[in-house]
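Trainee: Dropping in data.pdb, which is PDB, C-alpha atoms:
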```pdb
MODEL        1
ATOM      1  CA  MET L   1      11.353   2.338  -1.384
ATOM      2  CA  ALA L   2      14.353   0.110  -2.133
ATOM      3  CA  ASP L   3      16.403   1.895   0.522
ATOM      4  CA  GLU L   4      13.648   1.311   3.077
ATOM      5  CA  THR L   5      13.439  -2.354   2.104
ATOM      6  CA  GLU L   6      17.207  -2.681   2.352
ATOM      7  CA  GLN L   7      17.234  -1.046   5.790
ATOM      8  CA  GLN L   8      14.406  -3.289   7.009
ATOM      9  CA  LEU L   9      16.225  -6.392   5.776
ATOM     10  CA  ARG L  10      19.457  -5.287   7.449
ATOM     11  CA  GLU L  11      17.640  -4.726  10.742
ATOM     12  CA  LYS L  12      15.811  -8.037  10.479
ATOM     13  CA  ILE L  13      19.077  -9.904   9.764
ATOM     14  CA  ALA L  14      20.837  -8.202  12.674
ATOM     15  CA  PHE L  15      17.979  -9.154  14.998
ATOM     16  CA  GLN L  16      17.961 -12.746  13.761
ATOM     17  CA  ARG L  17      21.723 -13.043  14.208
ATOM     18  CA  SER L  18      21.636 -11.680  17.750
ATOM     19  CA  PHE L  19      18.632 -13.878  18.579
ATOM     20  CA  MET L  20      20.378 -17.003  17.260
ATOM     21  CA  ALA L  21      23.588 -16.170  19.122
ATOM     22  CA  ASN L  22      21.794 -17.017  22.372
ATOM     23  CA  PHE L  23      20.975 -20.544  21.168
ATOM     24  CA  PRO L  24      23.320 -23.528  21.143
ATOM     25  CA  THR L  25      24.652 -24.632  17.752
ATOM     26  CA  LEU L  26      22.631 -26.928  15.538
ATOM     27  CA  THR L  27      25.172 -29.718  16.046
ATOM     28  CA  THR L  28      24.862 -29.466  19.835
ATOM     29  CA  ILE L  29      21.073 -29.537  19.630
ATOM     30  CA  ALA L  30      21.092 -32.538  17.279
ATOM     31  CA  GLN L  31      23.507 -34.458  19.504
ATOM     32  CA  LYS L  32      21.515 -33.710  22.624
ATOM     33  CA  TRP L  33      17.936 -34.199  21.362
ATOM     34  CA  GLY L  34      18.356 -36.001  18.021
ATOM     35  CA  LEU L  35      17.910 -34.957  14.409
ATOM     36  CA  SER L  36      14.114 -35.183  14.373
ATOM     37  CA  SER L  37      13.473 -33.339  17.629
ATOM     38  CA  PRO L  38      11.365 -30.139  17.646
ATOM     39  CA  GLU L  39      14.376 -28.212  18.975
ATOM     40  CA  THR L  40      16.503 -29.269  15.989
ATOM     41  CA  LYS L  41      13.740 -28.419  13.543
ATOM     42  CA  SER L  42      13.196 -25.044  15.207
ATOM     43  CA  LYS L  43      16.883 -24.113  15.006
ATOM     44  CA  ALA L  44      17.052 -25.309  11.379
ATOM     45  CA  GLN L  45      14.036 -23.141  10.535
ATOM     46  CA  LEU L  46      15.683 -20.091  12.125
ATOM     47  CA  ILE L  47      18.843 -20.740  10.094
ATOM     48  CA  LYS L  48      16.796 -21.060   6.896
ATOM     49  CA  GLU L  49      14.922 -17.807   7.555
ATOM     50  CA  LEU L  50      18.195 -15.989   8.205
ATOM     51  CA  SER L  51      19.706 -17.442   5.052
ATOM     52  CA  ASP L  52      16.658 -16.434   2.981
ATOM     53  CA  ASN L  53      16.793 -12.874   4.315
ATOM     54  CA  GLU L  54      20.525 -12.615   3.615
ATOM     55  CA  GLU L  55      19.927 -13.845   0.064
ATOM     56  CA  GLN L  56      17.147 -11.269  -0.425
ATOM     57  CA  LEU L  57      19.478  -8.526   0.760
ATOM     58  CA  GLU L  58      22.252  -9.668  -1.583
ATOM     59  CA  LEU L  59      19.829  -9.721  -4.534
ATOM     60  CA  LEU L  60      18.556  -6.255  -3.670
ATOM     61  CA  ILE L  61      22.086  -4.866  -3.464
ATOM     62  CA  GLU L  62      23.068  -6.575  -6.720
ATOM     63  CA  SER L  63      19.998  -5.256  -8.544
ATOM     64  CA  LYS L  64      20.870  -1.718  -7.396
ATOM     65  CA  ARG L  65      24.449  -2.209  -8.588
ATOM     66  CA  ILE L  66      23.287  -3.439 -11.992
ATOM     67  CA  ALA L  67      20.816  -0.560 -12.357
ATOM     68  CA  ALA L  68      23.621   1.920 -11.637
ATOM     69  CA  ALA L  69      25.875   0.222 -14.203
ATOM     70  CA  VAL L  70      23.114   0.324 -16.838
ATOM     71  CA  ARG L  71      22.461   4.021 -16.131
ATOM     72  CA  LEU L  72      26.173   4.776 -16.486
ATOM     73  CA  GLN L  73      26.342   2.794 -19.738
ATOM     74  CA  ASP L  74      23.345   4.704 -21.113
ATOM     75  CA  GLU L  75      24.915   8.035 -20.116
ATOM     76  CA  LEU L  76      28.274   7.213 -21.685
ATOM     77  CA  HIS L  77      26.877   5.462 -24.760
ATOM     78  CA  PRO L  78      23.272   6.521 -25.383
ATOM     79  CA  PRO L  79      21.320   4.296 -27.785
ATOM     80  CA  GLN L  80      21.138   5.913 -31.195
ATOM     81  CA  ASN L  81      17.713   4.604 -32.136
ATOM     82  CA  SER L  82      15.576   5.456 -29.122
ATOM     83  CA  GLU L  83      12.216   7.196 -29.007
ATOM     84  CA  ASP L  84       9.452   7.896 -26.498
ATOM     85  CA  CYS L  85       6.133   6.058 -26.644
ATOM     86  CA  PRO L  86       3.407   8.634 -27.389
ATOM     87  CA  ILE L  87       1.064   7.025 -24.830
ATOM     88  CA  CYS L  88       3.163   6.248 -21.724
ATOM     89  CA  PHE L  89       6.192   8.439 -22.622
ATOM     90  CA  GLU L  90       8.563   5.605 -21.695
ATOM     91  CA  THR L  91      11.788   5.713 -23.668
ATOM     92  CA  ILE L  92      12.165   2.717 -25.945
ATOM     93  CA  LYS L  93      15.937   2.329 -26.153
ATOM     94  CA  HIS L  94      16.159   0.035 -29.166
ATOM     95  CA  VAL L  95      13.302   0.666 -31.584
ATOM     96  CA  TYR L  96      12.650  -2.325 -33.846
ATOM     97  CA  SER L  97       9.740  -4.625 -34.686
ATOM     98  CA  LYS L  98       9.908  -6.555 -31.395
ATOM     99  CA  THR L  99       9.734  -3.485 -29.120
ATOM    100  CA  ILE L 100       7.056  -1.427 -30.902
ATOM    101  CA  SER L 101       3.798  -1.922 -32.770
ATOM    102  CA  ARG L 102       2.928   0.085 -35.873
ATOM    103  CA  LEU L 103      -0.475   1.675 -36.352
ATOM    104  CA  TYR L 104      -1.451   0.848 -39.910
ATOM    105  CA  CYS L 105      -4.004   3.655 -40.076
ATOM    106  CA  CYS L 106      -1.500   6.485 -39.671
ATOM    107  CA  GLY L 107       1.978   4.923 -39.624
ATOM    108  CA  GLY L 108       2.546   5.864 -35.994
ATOM    109  CA  TRP L 109       3.647   3.441 -33.326
ATOM    110  CA  VAL L 110       3.284   2.564 -29.635
ATOM    111  CA  CYS L 111       5.366   0.438 -27.285
ATOM    112  CA  ASP L 112       4.386  -3.209 -26.875
ATOM    113  CA  LYS L 113       3.349  -2.651 -23.255
ATOM    114  CA  CYS L 114       0.750  -0.062 -24.262
ATOM    115  CA  ARG L 115      -0.402  -2.220 -27.171
ATOM    116  CA  ASN L 116      -0.846  -5.249 -24.916
ATOM    117  CA  GLU L 117      -2.781  -3.222 -22.345
ATOM    118  CA  ARG L 118      -5.030  -1.744 -25.051
ATOM    119  CA  ASN L 119      -5.672  -5.105 -26.691
ATOM    120  CA  SER L 120      -6.448  -6.873 -23.396
ATOM    121  CA  THR L 121      -8.887  -4.088 -22.472
ATOM    122  CA  GLY L 122     -10.433  -4.220 -25.943
ATOM    123  CA  LYS L 123     -10.896  -7.996 -25.839
ATOM    124  CA  LYS L 124     -12.712  -7.719 -22.510
ATOM    125  CA  LYS L 125     -15.073  -5.222 -24.107
ATOM    126  CA  GLY L 126     -15.443  -7.299 -27.287
ATOM    127  CA  VAL L 127     -13.458  -4.935 -29.534
ATOM    128  CA  ASP L 128     -11.048  -6.300 -32.141
ATOM    129  CA  GLU L 129      -7.337  -5.624 -31.795
ATOM    130  CA  MET L 130      -6.468  -2.076 -32.746
ATOM    131  CA  PHE L 131      -2.701  -2.493 -32.922
ATOM    132  CA  HIS L 132      -0.984  -5.222 -34.937
TER     133      HIS L 132
ENDMDL
END
```
Please lay out the structure from this file as structure tokens.

Mentor:
Amino acid sequence: MADETEQQLREKIAFQRSFMANFPTLTTIAQKWGLSSPETKSKAQLIKELSDNEEQLELLIESKRIAAAVRLQDELHPPQNSEDCPICFETIKHVYSKTISRLYCCGGWVCDKCRNERNSTGKKKGVDEMFH
């Protein structure tokens, strides 16, 4: 999915750049028609859209880079106190009171995400909170 999004952004940016290459510069347009002309505003909007797309692409690439660095860090130095949530099976890397919720009935635990989902569903149905 991310690779498809990245490819689409790259194609969109390439198209926008080639499309804008056929237009005169913003300075030329402003000198010829004035700063408040529709032509100037149109060119400025195209520049903004291109800039926004380039920023999106940079953020996507950076998020992929960070995810790879985190995966490498976890492989080289796995967290010593990690466990899997018994409901969603997601690995909780650092198990402590802020990342899990204890079940007082049996001493078990679930991740906060599962607890929040259960409690929000229970409140809609009028049931008290099960996890504390």

Trainee: Could you expand the PyMOL selection byres ((chain L and resi 54) around 12) into the explicit residues it covers here, written as a PyMOL selection string?

Mentor: chain L and resi 6+8-14+16-17+47-53+55-61

Trainee: For a test of reading the model, state the distance in Å between CA of Met20 in chain L and CA of Leu46 in chain L, rounded to one decimal.

Mentor: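 Answer for the CA of Met20 in chain L to CA of Leu46 in chain L separation: 7.6 Å.
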
Trainee: Taking the file as shown, what set of residues would the PyMOL selection byres ((chain L and resi 26) around 10) give back, as a VMD selection string?

Mentor: chain L and resid 23 to 25 27 to 32 35 39 to 44 47

Trainee: Any idea what the distance is between CA of Thr121 in chain L and CA of Trp109 in chain L?

Mentor: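 Interatomic distance, CA of Thr121 in chain L to CA of Trp109 in chain L: 18.2 Å.
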
Trainee: With the PyMOL selection byres ((chain L and resi 86) around 9) as the selection, what would be picked from this file? Answer as a count of residues only, please.

Mentor: 9

Trainee: Excluding Ser101 in chain L and residues on its chain fewer than 2 positions from it, collect all residues at most 8 Å away from it, counting only C-alpha atoms, and give them as a CSV table (one decimal) with C-alpha atoms, in the coordinates of the input.

Mentor:
```csv
chain,number,residue,atom,x,y,z
L,97,SER,CA,9.7,-4.6,-34.7
L,98,LYS,CA,9.9,-6.6,-31.4
L,99,THR,CA,9.7,-3.5,-29.1
L,103,LEU,CA,-0.5,1.7,-36.4
L,109,TRP,CA,3.6,3.4,-33.3
L,110,VAL,CA,3.3,2.6,-29.6
L,111,CYS,CA,5.4,0.4,-27.3
L,112,ASP,CA,4.4,-3.2,-26.9
L,115,ARG,CA,-0.4,-2.2,-27.2
L,131,PHE,CA,-2.7,-2.5,-32.9
L,132,HIS,CA,-1.0,-5.2,-34.9
```

Trainee: Would you mind reading off the distance between CA of Glu62 in chain L and CA of Gln7 in chain L, one decimal, in Å?

Mentor: 14.9 Å
